[in-house]
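Participant: What follows is a single structure, and I will ask about it in a moment.
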Amino acid sequence: MAAAVSGPDEAADGQEPLLSSGEPEEAESRDVVETQEHYKSRWRSIRIMYLTMFLSSLGFSIVIMSVWPYLQKIDPTADGSFLGWIIASYSIGQMVASPLFGLWSNYRPRREPLVVSSAISIAANCLYAYIHVPHSHNKYYMLTARALVGFGAGNVAAVRSYIAGATSLTERTSAMANTSACQAIGFILGPVFQTCFTLIGEEGITWKLIFLQLNMYTAPVLFGALLGVINIILIFAIFREHRVDDSGRQCKSVNFEGEESGVLDQDTEANVDHVAVVAVNFLFFVILFVFAVFETIATPLTMDMYSWTRKEAVFYNGIILCVVGIESVIVFMVVKTLSKKTGERAILHGGLLIVLVGFFILLPWGKKLPNIQWEEIKNNSIPRTASTEMFMPFWSLQVMQLPSNHTTEPVGCPVTQSWCLNTPMIYLAQYISSDILIGLGYPVCNVMSYTLYSKILGPKPQGVYMGWLTASGSGARILGPVFVSQVYTHLGPRWAFSLICGVVVASLLVLEIVYKRLIAFSVRYGRMQEENC
C-alpha cells in the first residue's frame with residue numbers, strides 16, 4: 001500500500017538511513033519544503049531509535065543462556081519451574097510497561113520516557129550483577145531484575161510511535177523494516193556476546209570493596225548497562241523531536257518542548273478506524289504467538305523425534321536459529337523494495353500463507369514411529385515436565401546439565417508422553433523445510449503489521465496504540481510456551497500443529513474480512529491516493 005505523491009525536488013540528498021533503502025530519492029519526490037539540516041536531524045534521531053530498539057532486544061538475549069547456571073549458583077533452592085517464571089518475567093514487564101510509556105510519549109517530549117526507560121534497564125542490569133550479595137531469596141532478586149529489564153524494554157512503544165510520526169508514508173515501510181532488523185540483530189548478537197564473556201570464567205575478578213564480581217554471568221549485564229548509558233547520552237546529544245505528515249510536510253506536535261498542543265494538523269480531528277486497529281492487533285498477536293511456539297518447541301521436538309541429546313539439540317537448533325535470524329535480516333531489507341510494488345496488505349497475506357505452509361509441513365505422516373525412551377531420567381537437575389518447559393525457548397535449555405553420576409543420557413521420545421507410541425515421526429527434511437519457511441514468513445508479517453498499523457493510525461499520537469500492539473506481542477510470547485508445555489507435551493505434535501494451522505487460517509479469514517479497511521489514514525479520508533493494494 002503506497003501513496004502517490006509528487007512535487008518539486010526540494011529535499012536534501014545524500015543522507016541515507018540504516019540498511020540503505022533509498023529514502024533520499026523518495027525525499028526528492030515529496031511535496032514538502034524541508035531544509036537539509038532538518039532532514040539530517042530527522043534521520044539522525046530515527047537512527048537513535050534504531051539503536052534503542054537494538055539495545056531493547058539485546059537486553060533480553062544477552063543473558064538468556066546463562067540464567068539457569070547462575071540461578072543454581074546463587075540460589076540452590078530454585079527449580080526449573082521458577083526458571084520458567086524468570087524467563088517469562090521479561091515479557092510480563094514489557095507487556096505492563098508498553099501502554100504506560102506509550103501514553104507518556106503522547107503528551108510529553110519523547111526524550112522523557114526514553115531516558116527513564118533506559119535508566120530503569122541500566123538499574124535492573126546493575127541489580128542483576130549484585131544478586132549474589134544477599135544471603136537468601138536470591139532467586140527473587142533475579143526475578144525482579146529480569147522483570148525490570150522487561151519493563152524498561154516497554155520503550156518499544158515510544159520508539160515505534162516516534163518513527164511512525166517522523167516518517168512520511170513513502171518512508172514508513174523502510175523505516176519500520178530497519179527497526180525490526182535492528183531488533184532481530186539484537187536477538188542474534190546477544191548470545192554471541194554471552195559466549196565471548198564465558199572466556200572470563202565463573203570466578204572472574206572480585207572487587208570486595210564494592211561487592212562486585214565480574215564473571216561470565218555478570219559481565220554481559222554490565223556491558224548492557226554501559227550500552228544503556230551510551231544510549232542515554234546519545235538521546236540527549238543527538239535526538240530531537242520531529243514530526244511530518246503522511247506527505248512528508250513538517251508538522252508541530254505536543255511532543256515539542258515549549259510548543260502548544262493546539263498546532264496539530266487538521267487530520268488529527270478525524271476518527272481512526274478502530275475495526276482495523278483491533279484487527280491488526282489480533283493479527284500481530286497471532287504472528288508473535290506462532291513464532292513463540294516455533295522457537296519454544298524446537299528443542300523438545302528434535303529430542304523426541306531424532307533422539308538428540310540436550311547438547312546436540314541446543315547446538316543444532318542454535319545453528320538453525322542463527323541462520324533464521326540472518327534470513328530474517330535479509331527479508332527485512334528485501335521487503336522494503338517489494339512493498340513498493342505490491343503493497344503491504346498483499347505482502348502480509350503472502351507472509352501468513354508462508355507461515356501456514358511452514359506449520360502444515362510439520363504435521364506427522366507415514367508409518368515410522370520415533371525411537372522410544374523407556375528409561376525415565378531420574379534425579380535430573382531439570383526434569384522434563386510441563387512446568388519446566390513452560391516459558392522456556394530452546395536456547396534457554398543450553399544451560400541444562402546432567403548430574404555427574406550419569407554417564408549416558410537417555411534419548412528418544414519419553415514413554416511418559418503417550419502419544420509417542422502412536423504418532424509418526426516428523427522427518428528431518430520436514431523440520432528443516434519448516435524452519436526455512438517460518439523464518440521467511442515471520443519477518444514479513446512482523447514488518448507489515450507494524451507498517452500497516454502506523455499508517456492506519458495516521459497523524460494522531462500513536463504512543464498508546466503502539467503500546468497496546470507491543471503488549472499484545474508480549475502476551476503472545478508468554479502464552480506460546482504455555483501452549484507448548486500443555487498441548488505438545490500431553491497431546492503431541494499432530495494436535496499442536498493442527499491447532500496452530502487453525503489459528504493461522506483464522507487470521508487469514510480476519511485479514512480477508514478487513515482487507516479493504518487496512519488503508520492509510522490519509523488515503524481513507526481522500527487526502528492521498530492509493531497506488532497498490
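Residues are named by chain letter and number: chains run A, B, ... in the order of the C-alpha cells, numbers start at 1 in each chain, and ligands are numbered from 1 in the order shown.
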Show me, as a list in words, the residues that have an atom within 8 Å of Gly480 in chain A when counting only C-alpha atoms, minus same-chain residues fewer than 4 positions from it.
Facilitator: Phe289, Val290, Phe291, Ala292, Val293, Thr296, Phe391, Ala476 and Val484 of chain A
Participant: Write down as an MDAnalysis selection string the residues belonging to range 140-386 of chain A that are assigned alpha helix (DSSP H) by DSSP computed on the backbone.
Facilitator: chainID A and resid 140:152 156:165 169:197 219:237 274:306 310:342 344:361 386
Participant: Given only C-alpha atoms as the basis, pick out the residue of A:Ser180, A:Asn317, A:Ser474, A:Thr195 nearest to Val444 in chain A.
Facilitator: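 Once distances to Val444 in chain A are computed over only C-alpha atoms, the minimum belongs to A:Ser180.
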Participant: Please determine, counting only C-alpha atoms, which residue among A:Ile319, A:Val357, A:Ile48, A:Ala147 has the shortest atom-to-atom distance to Ala88 in chain A.
Facilitator: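 Smallest distance to Ala88 in chain A is found for A:Ala147.
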Participant: Out of range 96-300 of chain A, which residues get strand (DSSP E) from DSSP, as a count of residues only?
Facilitator: 6
Participant: Would you pick out the contacts of Ile456 in chain A at 12 Å or less, using only C-alpha atoms, so that residues sharing its chain but fewer than 6 positions from it are not included, and give the list as a ChimeraX atom specification?
Facilitator: /A:1,164,169,172,246,270-281,344-345,448-450,462,465-466,516-525
Participant: Using only C-alpha atoms, find the one residue out of A:Ile287, A:Ile185, A:Thr52, A:Leu222 that sits nearest to Phe197 in chain A.
Facilitator: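 Once distances to Phe197 in chain A are computed over only C-alpha atoms, the minimum belongs to A:Leu222.
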Participant: What is the distance between CA of Gly343 in chain A and CA of Ser328 in chain A, in Å to one decimal?
Facilitator: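 Those two atoms sit 19.3 Å apart.
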